[in-house]
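Okay, structure-v9.cif is below, mmCIF, C-alpha atoms:
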```
data_upload
#
loop_
_atom_site.label_atom_id
_atom_site.label_comp_id
_atom_site.auth_asym_id
_atom_site.auth_seq_id
_atom_site.Cartn_x
_atom_site.Cartn_y
_atom_site.Cartn_z
CA MET A 1 0.00 0.00 0.00
CA SER A 2 1.46 3.37 -1.00
CA ALA A 3 1.65 6.17 1.53
CA THR A 4 -1.41 8.39 1.81
CA LEU A 5 -2.19 11.28 4.12
CA ASP A 6 -3.91 8.89 6.50
CA THR A 7 -1.09 6.33 6.53
CA VAL A 8 1.54 9.03 7.00
CA ARG A 9 -0.33 10.13 10.10
CA LEU A 10 0.12 6.64 11.48
CA LEU A 11 3.90 7.01 11.42
CA ALA A 12 5.66 8.14 14.58
CA ASP A 13 6.01 11.90 14.94
CA ARG A 14 9.80 11.59 14.97
CA ILE A 15 9.70 10.07 11.48
CA ASN A 16 7.24 12.58 10.08
CA ALA A 17 9.45 15.37 11.40
CA LEU A 18 12.50 14.13 9.48
CA GLU A 19 13.52 15.63 6.17
CA GLU A 20 14.35 13.26 3.33
CA SER A 21 18.06 13.12 2.54
CA SER A 22 18.48 15.54 -0.35
CA THR A 23 21.51 13.69 -1.72
CA LEU A 24 19.69 10.37 -1.82
CA ALA A 25 16.56 12.00 -3.26
CA MET A 26 18.46 13.53 -6.17
CA THR A 27 20.33 10.30 -6.81
CA LYS A 28 17.01 8.46 -6.96
CA LYS A 29 15.56 10.97 -9.46
CA ALA A 30 18.70 10.72 -11.62
CA ARG A 31 18.41 6.93 -11.72
CA GLU A 32 14.75 7.19 -12.73
CA LEU A 33 15.59 9.48 -15.64
CA ALA A 34 18.47 7.26 -16.70
CA ALA A 35 16.11 4.26 -16.64
CA GLN A 36 13.89 6.17 -19.07
CA GLY A 37 16.78 6.32 -21.53
CA HIS A 38 18.18 9.78 -20.80
CA ASN A 39 21.94 10.30 -20.76
CA VAL A 40 22.22 11.52 -17.18
CA ILE A 41 25.55 12.60 -15.70
CA SER A 42 25.17 11.90 -12.00
CA LEU A 43 27.19 14.26 -9.82
CA SER A 44 24.89 14.07 -6.81
CA VAL A 45 26.10 11.12 -4.79
CA GLY A 46 29.15 11.42 -2.55
CA GLU A 47 30.79 8.18 -3.64
CA PRO A 48 34.28 7.47 -4.97
CA ASP A 49 34.32 6.22 -8.55
CA PHE A 50 37.29 3.97 -7.84
CA LYS A 51 37.28 0.28 -6.97
CA THR A 52 38.30 -0.91 -3.54
CA PRO A 53 42.06 -1.69 -3.61
CA ALA A 54 42.87 -5.31 -4.41
CA HIS A 55 44.69 -6.16 -1.16
CA ILE A 56 41.58 -5.19 0.81
CA CYS A 57 39.35 -7.36 -1.36
CA GLU A 58 41.76 -10.27 -0.94
CA ALA A 59 41.53 -9.90 2.84
CA ALA A 60 37.74 -10.16 2.60
CA LYS A 61 38.01 -13.33 0.53
CA LYS A 62 40.42 -14.82 3.06
CA ALA A 63 38.03 -13.96 5.90
CA ILE A 64 35.30 -15.90 4.13
CA ASP A 65 37.61 -18.86 3.61
CA ASP A 66 38.80 -18.65 7.25
CA GLY A 67 35.24 -18.95 8.51
CA PHE A 68 34.41 -15.51 9.87
CA HIS A 69 30.72 -16.18 9.28
CA GLY A 70 29.21 -15.54 12.71
CA TYR A 71 28.14 -12.58 14.80
CA SER A 72 30.98 -10.20 15.58
CA PRO A 73 31.57 -8.50 18.95
CA VAL A 74 29.34 -5.44 19.35
CA ALA A 75 32.25 -2.96 19.43
CA GLY A 76 34.21 -4.74 16.70
CA TYR A 77 36.80 -7.49 16.44
CA PRO A 78 39.81 -6.95 18.75
CA ASP A 79 42.27 -6.83 15.85
CA LEU A 80 40.22 -4.12 14.12
CA ARG A 81 39.89 -2.02 17.28
CA LYS A 82 43.66 -2.27 17.68
CA ALA A 83 44.17 -1.32 14.01
CA VAL A 84 41.97 1.76 14.51
CA ALA A 85 43.85 2.73 17.68
CA ASP A 86 47.15 2.33 15.84
CA LYS A 87 45.83 4.42 12.94
CA PHE A 88 44.80 7.22 15.32
CA LYS A 89 48.31 7.27 16.79
CA ARG A 90 50.08 7.03 13.41
CA ASP A 91 48.01 9.52 11.41
CA ASN A 92 46.40 11.79 13.99
CA ASN A 93 48.64 11.83 17.08
CA ILE A 94 45.65 10.68 19.14
CA ASP A 95 46.31 8.23 21.96
CA TRP A 96 43.41 5.82 22.26
CA LYS A 97 43.50 2.20 23.32
CA PRO A 98 41.32 -0.48 21.69
CA GLU A 99 38.86 -0.06 24.57
CA ASN A 100 38.24 3.51 23.36
CA ILE A 101 37.20 2.34 19.90
CA VAL A 102 33.73 1.31 18.70
CA VAL A 103 33.22 0.07 15.14
CA SER A 104 29.83 0.71 13.55
CA THR A 105 27.99 0.30 10.26
CA GLY A 106 29.48 3.35 8.55
CA ALA A 107 30.55 6.75 9.84
CA LYS A 108 26.92 7.92 9.60
CA HIS A 109 26.01 5.24 12.13
CA SER A 110 28.93 6.31 14.33
CA LEU A 111 27.77 9.94 14.32
CA ALA A 112 24.18 8.99 15.10
CA ASN A 113 25.31 6.74 17.96
CA VAL A 114 27.30 9.50 19.63
CA ILE A 115 24.48 12.01 19.38
CA GLN A 116 21.99 9.54 20.85
CA VAL A 117 24.38 8.78 23.71
CA LEU A 118 25.22 12.37 24.67
CA ILE A 119 22.08 14.39 23.90
CA ASN A 120 19.06 14.75 26.17
CA PRO A 121 15.82 16.43 25.04
CA GLY A 122 16.42 20.16 24.64
CA ASP A 123 20.21 19.95 24.60
CA GLU A 124 21.82 22.09 21.91
CA VAL A 125 24.23 20.90 19.25
CA LEU A 126 26.19 23.59 17.44
CA ILE A 127 26.63 22.61 13.81
CA PHE A 128 29.17 24.42 11.67
CA SER A 129 27.47 25.22 8.37
CA PRO A 130 27.54 24.30 5.52
CA TYR A 131 27.11 20.81 6.92
CA TRP A 132 26.36 17.30 5.74
CA VAL A 133 22.62 16.89 5.29
CA SER A 134 22.12 14.27 8.02
CA TYR A 135 23.65 16.20 10.93
CA SER A 136 20.60 18.26 11.81
CA GLU A 137 18.24 15.32 11.36
CA MET A 138 20.33 13.13 13.68
CA VAL A 139 20.02 15.83 16.35
CA LYS A 140 16.28 16.04 15.74
CA LEU A 141 15.94 12.27 16.24
CA ALA A 142 17.71 12.60 19.61
CA GLU A 143 15.22 15.35 20.56
CA GLY A 144 18.01 17.87 20.70
CA LYS A 145 18.10 21.33 19.16
CA ALA A 146 20.37 21.91 16.17
CA VAL A 147 21.90 25.39 16.32
CA ILE A 148 23.36 26.29 12.95
CA VAL A 149 26.44 28.54 12.85
CA ASP A 150 27.07 29.80 9.31
CA GLY A 151 30.47 29.98 7.70
CA SER A 152 30.60 32.73 5.08
CA PHE A 153 31.60 32.36 1.45
CA GLU A 154 34.21 35.07 2.06
CA ASN A 155 35.81 32.94 4.80
CA ASN A 156 35.84 29.87 2.57
CA PHE A 157 32.63 28.67 4.27
CA LYS A 158 34.37 28.33 7.64
CA VAL A 159 33.03 29.41 11.03
CA THR A 160 35.29 31.77 12.98
CA PRO A 161 36.18 31.18 16.64
CA GLU A 162 34.29 34.38 17.50
CA GLN A 163 31.12 33.06 15.87
CA PHE A 164 31.51 29.76 17.66
CA GLU A 165 31.94 31.31 21.10
CA ALA A 166 29.00 33.68 20.60
CA ALA A 167 26.69 30.72 19.86
CA ILE A 168 27.46 28.78 23.06
CA THR A 169 24.74 28.75 25.73
CA ASP A 170 24.14 26.86 28.98
CA ARG A 171 22.34 24.18 26.94
CA THR A 172 25.17 23.61 24.44
CA ARG A 173 26.39 20.03 24.72
CA ILE A 174 28.17 19.26 21.43
CA VAL A 175 29.83 21.17 18.62
CA MET A 176 30.12 19.16 15.42
CA TYR A 177 31.83 19.80 12.11
CA ALA A 178 33.53 18.01 9.23
CA SER A 179 37.03 18.76 8.02
CA PRO A 180 37.62 18.27 5.12
CA ASN A 181 34.07 19.44 4.71
CA ASN A 182 31.18 17.97 2.82
CA PRO A 183 29.82 19.89 0.85
CA THR A 184 32.41 22.69 0.56
CA GLY A 185 35.78 20.94 0.59
CA SER A 186 36.99 23.51 3.13
CA ILE A 187 39.54 22.48 5.75
CA TYR A 188 40.01 23.88 9.24
CA SER A 189 43.70 24.58 9.75
CA GLU A 190 45.66 23.67 12.86
CA ALA A 191 45.60 27.31 13.99
CA GLU A 192 41.83 27.52 13.54
CA LEU A 193 41.23 24.26 15.40
CA ARG A 194 43.52 25.31 18.25
CA ALA A 195 41.53 28.52 18.60
CA ILE A 196 38.32 26.47 18.72
CA ALA A 197 39.90 24.12 21.26
CA ASP A 198 40.78 27.07 23.51
CA ILE A 199 37.10 27.97 23.62
CA VAL A 200 36.03 24.37 24.27
CA ALA A 201 38.52 24.15 27.13
CA ARG A 202 36.72 27.03 28.89
CA HIS A 203 33.36 25.20 28.78
CA GLU A 204 33.71 21.98 30.76
CA ASN A 205 30.42 20.40 29.64
CA LEU A 206 31.04 20.96 25.93
CA TYR A 207 32.11 18.09 23.66
CA VAL A 208 33.52 18.09 20.12
CA LEU A 209 32.23 15.67 17.50
CA ALA A 210 34.84 15.77 14.74
CA ASP A 211 33.89 14.12 11.45
CA GLU A 212 37.15 13.24 9.64
CA ILE A 213 35.81 10.84 7.01
CA TYR A 214 37.55 12.78 4.18
CA GLU A 215 40.89 12.89 6.02
CA TYR A 216 42.99 11.35 3.24
CA ILE A 217 41.53 13.59 0.53
CA ASN A 218 43.42 16.72 1.52
CA PHE A 219 45.09 19.06 -0.98
CA THR A 220 46.78 21.45 1.48
CA PRO A 221 50.56 21.51 2.00
CA GLU A 222 50.02 21.32 5.77
CA GLY A 223 47.98 18.14 5.61
CA HIS A 224 45.34 16.97 8.06
CA PHE A 225 45.20 18.09 11.68
CA SER A 226 42.94 16.43 14.27
CA ILE A 227 41.48 18.50 17.09
CA GLY A 228 41.50 15.33 19.19
CA SER A 229 45.30 15.54 19.37
CA ILE A 230 45.14 18.67 21.55
CA PRO A 231 45.81 17.41 25.10
CA GLU A 232 43.72 20.03 26.92
CA ILE A 233 40.47 18.74 25.41
CA ALA A 234 41.44 15.24 24.21
CA ASP A 235 39.02 13.49 26.57
CA ARG A 236 36.13 15.65 25.27
CA VAL A 237 36.72 15.02 21.57
CA ILE A 238 34.95 12.19 19.77
CA THR A 239 36.72 11.54 16.47
CA VAL A 240 34.66 9.83 13.79
CA ASN A 241 36.17 8.26 10.70
CA GLY A 242 35.70 5.30 8.40
CA VAL A 243 36.89 3.66 5.22
CA ALA A 244 34.21 4.76 2.74
CA LYS A 245 35.93 7.75 1.16
CA GLY A 246 39.68 7.30 1.59
CA PHE A 247 39.68 3.62 0.66
CA ALA A 248 36.74 3.62 -1.81
CA MET A 249 34.80 1.26 0.48
CA THR A 250 31.36 2.90 0.58
CA GLY A 251 29.43 -0.36 0.28
CA TRP A 252 31.46 -2.12 2.96
CA ARG A 253 29.80 0.08 5.62
CA ILE A 254 32.49 0.47 8.25
CA GLY A 255 32.86 3.53 10.47
CA TYR A 256 34.39 3.99 13.89
CA ILE A 257 34.85 6.37 16.80
CA GLY A 258 37.69 7.10 19.16
CA ALA A 259 36.46 8.55 22.46
CA ALA A 260 36.79 8.55 26.22
CA LYS A 261 35.93 5.10 27.54
CA TRP A 262 32.68 6.15 29.18
CA ILE A 263 31.46 7.50 25.84
CA ALA A 264 32.66 4.42 23.96
CA ASP A 265 30.92 2.22 26.55
CA GLY A 266 27.69 4.17 26.05
CA VAL A 267 27.91 3.77 22.29
CA GLU A 268 28.58 0.05 22.65
CA LYS A 269 25.57 -0.28 24.99
CA LEU A 270 23.30 1.49 22.49
CA GLN A 271 24.64 -0.44 19.53
CA GLY A 272 24.14 -3.71 21.38
CA GLN A 273 20.41 -3.04 21.48
CA VAL A 274 20.04 -1.68 17.95
CA THR A 275 22.38 -3.36 15.46
CA SER A 276 24.95 -5.39 17.43
CA GLY A 277 28.30 -5.88 15.70
CA THR A 278 28.77 -4.83 12.10
CA ASN A 279 29.58 -7.05 9.13
CA SER A 280 32.28 -9.60 9.99
CA ILE A 281 33.85 -9.83 6.52
CA ALA A 282 33.94 -6.04 6.08
CA GLN A 283 35.70 -5.73 9.44
CA LYS A 284 38.48 -8.08 8.35
CA ALA A 285 38.83 -6.16 5.10
CA THR A 286 39.14 -2.95 7.12
CA VAL A 287 42.00 -4.40 9.15
CA ALA A 288 43.85 -4.84 5.88
CA ALA A 289 42.94 -1.31 4.81
CA LEU A 290 44.19 0.36 7.99
CA ASN A 291 47.31 -1.78 8.39
CA GLY A 292 48.19 -1.92 4.71
CA PRO A 293 49.82 0.44 2.21
CA LEU A 294 48.30 3.90 1.77
CA GLU A 295 49.61 4.36 -1.77
CA PRO A 296 46.23 3.50 -3.38
CA SER A 297 44.51 6.10 -1.21
CA MET A 298 47.12 8.70 -2.08
CA GLU A 299 46.73 7.96 -5.80
CA MET A 300 42.99 8.49 -5.50
CA ALA A 301 43.60 11.77 -3.69
CA LYS A 302 45.88 12.92 -6.53
CA ALA A 303 43.10 12.21 -9.02
CA TYR A 304 40.58 14.15 -6.92
CA HIS A 305 43.05 17.04 -6.74
CA ARG A 306 43.41 17.12 -10.50
CA ARG A 307 39.65 16.98 -10.95
CA ARG A 308 39.23 19.79 -8.42
CA ASP A 309 41.47 22.00 -10.52
CA LEU A 310 39.60 21.06 -13.69
CA VAL A 311 36.12 21.68 -12.31
CA VAL A 312 36.98 24.94 -10.56
CA LYS A 313 38.53 26.27 -13.78
CA LEU A 314 35.44 25.28 -15.78
CA LEU A 315 32.97 26.65 -13.21
CA HIS A 316 34.78 29.99 -13.19
CA GLU A 317 33.80 30.21 -16.87
CA VAL A 318 30.08 29.84 -16.10
CA PRO A 319 28.53 33.33 -15.99
CA GLY A 320 27.00 34.19 -12.63
CA PHE A 321 28.62 31.34 -10.68
CA ARG A 322 30.84 32.18 -7.67
CA THR A 323 33.10 29.26 -6.82
CA ASN A 324 35.58 28.88 -3.96
CA VAL A 325 38.59 26.59 -4.24
CA PRO A 326 37.97 23.39 -2.23
CA GLU A 327 40.95 22.27 -0.15
CA GLY A 328 39.89 18.64 0.12
CA ALA A 329 37.11 16.05 -0.35
CA PHE A 330 35.57 15.69 -3.83
CA TYR A 331 33.00 18.43 -4.23
CA ALA A 332 32.60 21.87 -5.72
CA PHE A 333 30.07 24.20 -4.10
CA PRO A 334 29.34 27.21 -6.29
CA ASP A 335 27.02 30.05 -5.26
CA ILE A 336 24.35 30.12 -7.98
CA SER A 337 22.04 32.77 -6.48
CA TYR A 338 22.70 35.07 -9.46
CA TYR A 339 20.03 33.06 -11.29
CA TYR A 340 17.29 33.41 -8.69
CA GLY A 341 14.29 35.11 -10.22
CA LYS A 342 15.40 34.25 -13.75
CA SER A 343 13.39 32.06 -16.13
CA ASP A 344 13.84 30.03 -19.31
CA GLY A 345 10.28 30.91 -20.32
CA THR A 346 8.84 27.82 -18.68
CA THR A 347 10.49 27.52 -15.29
CA THR A 348 11.40 30.34 -12.91
CA ILE A 349 14.31 29.68 -10.57
CA GLU A 350 13.51 30.84 -7.04
CA ASN A 351 16.00 28.82 -4.99
CA SER A 352 18.66 26.10 -5.12
CA ASP A 353 16.06 23.32 -5.08
CA ASP A 354 14.46 24.82 -8.19
CA PHE A 355 17.87 25.15 -9.82
CA ALA A 356 18.97 21.57 -9.11
CA GLY A 357 15.63 20.14 -10.27
CA TRP A 358 15.59 22.30 -13.41
CA LEU A 359 19.18 21.34 -14.24
CA LEU A 360 18.40 17.65 -13.94
CA ASN A 361 15.29 17.87 -16.08
CA THR A 362 16.74 20.12 -18.80
CA ALA A 363 20.46 19.33 -18.95
CA TYR A 364 20.36 15.85 -17.41
CA VAL A 365 23.04 16.75 -14.88
CA SER A 366 22.32 15.56 -11.35
CA THR A 367 23.58 17.79 -8.53
CA VAL A 368 22.27 18.56 -5.02
CA ALA A 369 20.67 21.78 -3.83
CA GLY A 370 22.62 23.65 -1.18
CA SER A 371 19.49 24.10 0.95
CA GLY A 372 19.91 20.64 2.47
CA PHE A 373 23.44 21.58 3.55
CA GLY A 374 22.41 24.82 5.24
CA ALA A 375 23.58 26.93 2.28
CA PRO A 376 20.49 27.86 0.21
CA ASN A 377 22.46 29.91 -2.33
CA CYS A 378 24.70 27.05 -3.40
CA LEU A 379 24.82 23.84 -5.40
CA ARG A 380 26.87 20.75 -4.57
CA ILE A 381 28.64 19.11 -7.48
CA SER A 382 30.50 15.86 -6.87
CA THR A 383 33.84 15.66 -8.64
CA ALA A 384 34.06 11.88 -8.15
CA ALA A 385 33.69 11.24 -11.86
CA SER A 386 35.89 11.02 -14.92
CA ASP A 387 37.47 14.11 -16.47
CA GLU A 388 35.31 13.57 -19.54
CA ALA A 389 32.07 13.37 -17.53
CA LEU A 390 32.96 16.45 -15.50
CA THR A 391 33.88 18.46 -18.59
CA GLU A 392 30.66 17.48 -20.35
CA ALA A 393 28.58 18.19 -17.23
CA VAL A 394 29.88 21.74 -16.88
CA ARG A 395 29.43 22.28 -20.63
CA ARG A 396 25.78 21.32 -20.24
CA ILE A 397 25.40 23.56 -17.19
CA LYS A 398 26.91 26.51 -19.04
CA GLU A 399 24.63 25.91 -22.03
CA ALA A 400 21.55 25.56 -19.81
CA VAL A 401 22.05 28.72 -17.74
CA ALA A 402 22.44 30.72 -20.95
CA THR A 403 18.68 30.21 -21.44
CA LEU A 404 17.82 31.88 -18.12
CA LYS A 405 16.85 35.52 -18.52
#
```

Can I see the file as structure tokens?
Amino acid sequence: MSATLDTVRLLADRINALEESSTLAMTKKARELAAQGHNVISLSVGEPDFKTPAHICEAAKKAIDDGFHGYSPVAGYPDLRKAVADKFKRDNNIDWKPENIVVSTGAKHSLANVIQVLINPGDEVLIFSPYWVSYSEMVKLAEGKAVIVDGSFENNFKVTPEQFEAAITDRTRIVMYASPNNPTGSIYSEAELRAIADIVARHENLYVLADEIYEYINFTPEGHFSIGSIPEIADRVITVNGVAKGFAMTGWRIGYIGAAKWIADGVEKLQGQVTSGTNSIAQKATVAALNGPLEPSMEMAKAYHRRRDLVVKLLHEVPGFRTNVPEGAFYAFPDISYYYGKSDGTTTIENSDDFAGWLLNTAYVSTVAGSGFGAPNCLRISTAASDEALTEAVRRIKEAVATLK
């Protein structure tokens, strides 16, 4: 039975209050058009276009042959928790033991777990915007209040320490952000994160939820810096990461946290009642990913860097677009508000949702409206595609916007 007004009313209020994921919605629409025979270039989904490295796949095959077919421990296999702890020390200068690690079904699951564990009804979560579409909805599910702090285009979409401190109240429990950022590709520098840490240190009940899933896709000379490595607040930082982006393992669904033991214990307790341990074979593959060579990840990052340069150059040639230079991840996030109020004679563009929908239906290029990311003037374009597809996509975009008057 399809959903009707009456059946929707039967759903729990918490579900009716949720927004649909804008990235998944656009991906679904693009697939529907492609199924109808249209030549759609899909730049909406945040998924690497590379295959999982061979040595990781071989580890999964070996795990099957070795009989890892049963339920796994709720917090993850011991060898994987150790591999994560070793990775934190090696790459991030964060000292966690295996007991501080919980492995979950993707970094999204890890984020949701932490929010459920730390947030009581009415607690505030400061979210640095632009932000990944699910952040605010995860807070809503936990009955918390998402407080959005906007990073300006002029500051490369980053929130300043002054903005952050001004937003803190007695109800603020968590500040969360992603660096490298989805959707902007912006990266918080060591100096910026130290300034943020100084503020956190002055508020003893404030915790940092740091999403570092794009860690290896970093184009800056300085490289990645983790706020969890700052000793003064280390026990109040929950670092979330996973293997989806850096190792091209989106479908393997492995994420993890490093946190103070009482937080990790709370996450394990919650997970034990909701999902239990994550996929056994994927865990063994992740051990190989974290303990193995990083050259495949670095080669992917080089390709994303080259594509970044290509797409930014091409977008700068699109009249009316304002485009920053992403420092990491695999997205471009142009401001397209110049076209608001303009029409092709059939459709009038009033906002980013209109623009993204119009672009898909007229140029067959799938993107995602910035509204879902807290940036209603922008458009997210994934650069995880071939040079040829990216070049053709921007050509179509440029040709389409020329019809808007």

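Across the chains present, the PyMOL selection byres ((chain A and resi 223) around 12) applied to this file returns Asp91, Asn92, Ser179, Pro180, Ile187, Tyr188, Ser189, Glu190, Tyr214, Glu215, Tyr216, Ile217, Asn218, Phe219, Thr220, Pro221, Glu222, His224, Phe225, Ser226, Glu327 and Gly328 of chain A.
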
Shell around stretch 79-90 of chain A at 12 Å using only C-alpha atoms, local window under 6 positions removed, as an mmCIF file with C-alpha atoms, keeping the file's coordinate frame:
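Result went into result-v9.cif, see below:
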```cif
data_model
loop_
_atom_site.group_PDB
_atom_site.id
_atom_site.type_symbol
_atom_site.label_atom_id
_atom_site.label_comp_id
_atom_site.auth_asym_id
_atom_site.auth_seq_id
_atom_site.Cartn_x
_atom_site.Cartn_y
_atom_site.Cartn_z
ATOM 1 C CA SER A 72 30.980 -10.200 15.580
ATOM 2 C CA PRO A 73 31.570 -8.500 18.950
ATOM 3 C CA TRP A 96 43.410 5.820 22.260
ATOM 4 C CA LYS A 97 43.500 2.200 23.320
ATOM 5 C CA PRO A 98 41.320 -0.480 21.690
ATOM 6 C CA GLU A 99 38.860 -0.060 24.570
ATOM 7 C CA ASN A 100 38.240 3.510 23.360
ATOM 8 C CA ILE A 101 37.200 2.340 19.900
ATOM 9 C CA VAL A 102 33.730 1.310 18.700
ATOM 10 C CA VAL A 103 33.220 0.070 15.140
ATOM 11 C CA SER A 104 29.830 0.710 13.550
ATOM 12 C CA GLU A 212 37.150 13.240 9.640
ATOM 13 C CA GLU A 215 40.890 12.890 6.020
ATOM 14 C CA PHE A 225 45.200 18.090 11.680
ATOM 15 C CA SER A 226 42.940 16.430 14.270
ATOM 16 C CA ILE A 227 41.480 18.500 17.090
ATOM 17 C CA GLY A 228 41.500 15.330 19.190
ATOM 18 C CA SER A 229 45.300 15.540 19.370
ATOM 19 C CA ILE A 238 34.950 12.190 19.770
ATOM 20 C CA THR A 239 36.720 11.540 16.470
ATOM 21 C CA VAL A 240 34.660 9.830 13.790
ATOM 22 C CA ASN A 241 36.170 8.260 10.700
ATOM 23 C CA GLY A 242 35.700 5.300 8.400
ATOM 24 C CA VAL A 243 36.890 3.660 5.220
ATOM 25 C CA ILE A 254 32.490 0.470 8.250
ATOM 26 C CA GLY A 255 32.860 3.530 10.470
ATOM 27 C CA TYR A 256 34.390 3.990 13.890
ATOM 28 C CA ILE A 257 34.850 6.370 16.800
ATOM 29 C CA GLY A 258 37.690 7.100 19.160
ATOM 30 C CA ALA A 259 36.460 8.550 22.460
ATOM 31 C CA ALA A 264 32.660 4.420 23.960
ATOM 32 C CA THR A 278 28.770 -4.830 12.100
ATOM 33 C CA SER A 280 32.280 -9.600 9.990
ATOM 34 C CA ILE A 281 33.850 -9.830 6.520
ATOM 35 C CA ALA A 282 33.940 -6.040 6.080
ATOM 36 C CA GLN A 283 35.700 -5.730 9.440
ATOM 37 C CA LYS A 284 38.480 -8.080 8.350
ATOM 38 C CA ALA A 285 38.830 -6.160 5.100
ATOM 39 C CA THR A 286 39.140 -2.950 7.120
ATOM 40 C CA VAL A 287 42.000 -4.400 9.150
ATOM 41 C CA ALA A 288 43.850 -4.840 5.880
ATOM 42 C CA ALA A 289 42.940 -1.310 4.810
ATOM 43 C CA LEU A 290 44.190 0.360 7.990
ATOM 44 C CA ASN A 291 47.310 -1.780 8.390
ATOM 45 C CA GLY A 292 48.190 -1.920 4.710
ATOM 46 C CA LEU A 294 48.300 3.900 1.770
#
```

Inset, instruction - For the structure provided, state which residues fall under the PyMOL selection byres ((chain A and resi 42-51) around 6), and present them as a ChimeraX atom specification. - result: /A:27,40-41,52,248,366-368,381-382,384

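Each of A:Glu143, A:Glu137, A:Glu58, A:Glu162 was checked against A:Gly372 using only C-alpha atoms; the smallest atom-to-atom distance is that of A:Glu137.
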
Legend entry - Nearest to A:Glu32 by atom-to-atom distance, counting only C-alpha atoms, from A:Ala197, A:Leu118, A:Leu360, A:Val312: A:Leu360

Inset, instruction - Run the PyMOL selection byres ((chain A and resi 326) around 8) mentally over the shown coordinates, then write out the matched residues as JSON, numbers by chain, using the chain letters and numbers from the document. - result: {"A": [184, 185, 186, 308, 324, 325, 327, 328, 329, 331, 332]}

Keeping only C-alpha atoms, write the selected residues to a file as an mmCIF file, in the coordinates of the input.
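Produced file result-v9.cif, reproduced below:
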```cif
data_model
loop_
_atom_site.group_PDB
_atom_site.id
_atom_site.type_symbol
_atom_site.label_atom_id
_atom_site.label_comp_id
_atom_site.auth_asym_id
_atom_site.auth_seq_id
_atom_site.Cartn_x
_atom_site.Cartn_y
_atom_site.Cartn_z
ATOM 1 C CA THR A 184 32.410 22.690 0.560
ATOM 2 C CA GLY A 185 35.780 20.940 0.590
ATOM 3 C CA SER A 186 36.990 23.510 3.130
ATOM 4 C CA ARG A 308 39.230 19.790 -8.420
ATOM 5 C CA ASN A 324 35.580 28.880 -3.960
ATOM 6 C CA VAL A 325 38.590 26.590 -4.240
ATOM 7 C CA GLU A 327 40.950 22.270 -0.150
ATOM 8 C CA GLY A 328 39.890 18.640 0.120
ATOM 9 C CA ALA A 329 37.110 16.050 -0.350
ATOM 10 C CA TYR A 331 33.000 18.430 -4.230
ATOM 11 C CA ALA A 332 32.600 21.870 -5.720
#
```

Legend entry - Residue contacts of A:Asn351 (10 Å, only C-alpha atoms) excluding same-chain residues fewer than 6 positions away, as a PyMOL selection string: chain A and resi 336-337+339-341+369-371+376-378

Write the residues of the preceding selection, restricted to C-alpha atoms, as a JSON list (two decimals), keeping the file's coordinate frame.
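Output file part-v1.json is given in full below:
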```
[["chain", "number", "residue", "atom", "x", "y", "z"],
["A", 336, "ILE", "CA", 24.35, 30.12, -7.98],
["A", 337, "SER", "CA", 22.04, 32.77, -6.48],
["A", 339, "TYR", "CA", 20.03, 33.06, -11.29],
["A", 340, "TYR", "CA", 17.29, 33.41, -8.69],
["A", 341, "GLY", "CA", 14.29, 35.11, -10.22],
["A", 369, "ALA", "CA", 20.67, 21.78, -3.83],
["A", 370, "GLY", "CA", 22.62, 23.65, -1.18],
["A", 371, "SER", "CA", 19.49, 24.10, 0.95],
["A", 376, "PRO", "CA", 20.49, 27.86, 0.21],
["A", 377, "ASN", "CA", 22.46, 29.91, -2.33],
["A", 378, "CYS", "CA", 24.70, 27.05, -3.40]]
```

Legend entry - Which of A:Ile263, A:Leu390, A:Leu126, A:Ile233 sits closest to A:Asp309 [using all atoms listed in the file]: A:Leu390

Inset, instruction - In Å, rounded to a single decimal, give me how far atom CA of A:Ala107 is from atom CA of A:Ala301. - result: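 Between atom CA of A:Ala301 and atom CA of A:Ala107 the gap works out to 19.5 Å.
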
Inset, instruction - Could you please determine the separation between atom CA of A:Asp211 and atom CA of A:Leu315 in Å, to one decimal place? - result: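 If I compute the distance from atom CA of A:Asp211 to atom CA of A:Leu315, I get 27.7 Å.
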
Legend entry - Selection near A:Phe153, 9 Å with all atoms listed in the file, sequence-local residues under 3 positions removed, as JSON, numbers by chain: {"A": [156, 157, 158, 323, 324, 335]}

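The interatomic distance for the pair atom CA of A:Asp95 and atom CA of A:Lys269 works out to 22.6 Å.
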
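Remark: for A:Ala375, the closest of the candidate residues A:Lys398, A:Ser110, A:Pro183, A:Arg31 is A:Pro183 (distances computed over only C-alpha atoms).
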
How big is the axis-aligned box around all listed atoms of stretch 221-240 of chain A once 5 Å goes on each side, and where's its centre, in Å to one decimal, as JSON?
```
{"center_x": 42.6, "center_y": 15.7, "center_z": 14.5, "size_x": 25.9, "size_y": 21.7, "size_z": 34.9}
```

Legend entry - Polymer residues at most 10 Å from A:Val149, all atoms listed in the file, same-chain spacing of 6 or more positions, as a list in words: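 The filter keeps Leu126, Ile127, Phe128, Ser129, Pro130, Tyr131, Lys158, Val159, Thr160, Gln163, Phe164, Ala166, Ala167, Val175 and Gly374 of chain A.
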
Go ahead and save the picked residues with C-alpha atoms, as a tab-separated table (two decimals), keeping the file's coordinate frame.
```tsv
chain	number	residue	atom	x	y	z
A	126	LEU	CA	26.19	23.59	17.44
A	127	ILE	CA	26.63	22.61	13.81
A	128	PHE	CA	29.17	24.42	11.67
A	129	SER	CA	27.47	25.22	8.37
A	130	PRO	CA	27.54	24.30	5.52
A	131	TYR	CA	27.11	20.81	6.92
A	158	LYS	CA	34.37	28.33	7.64
A	159	VAL	CA	33.03	29.41	11.03
A	160	THR	CA	35.29	31.77	12.98
A	163	GLN	CA	31.12	33.06	15.87
A	164	PHE	CA	31.51	29.76	17.66
A	166	ALA	CA	29.00	33.68	20.60
A	167	ALA	CA	26.69	30.72	19.86
A	175	VAL	CA	29.83	21.17	18.62
A	374	GLY	CA	22.41	24.82	5.24
```
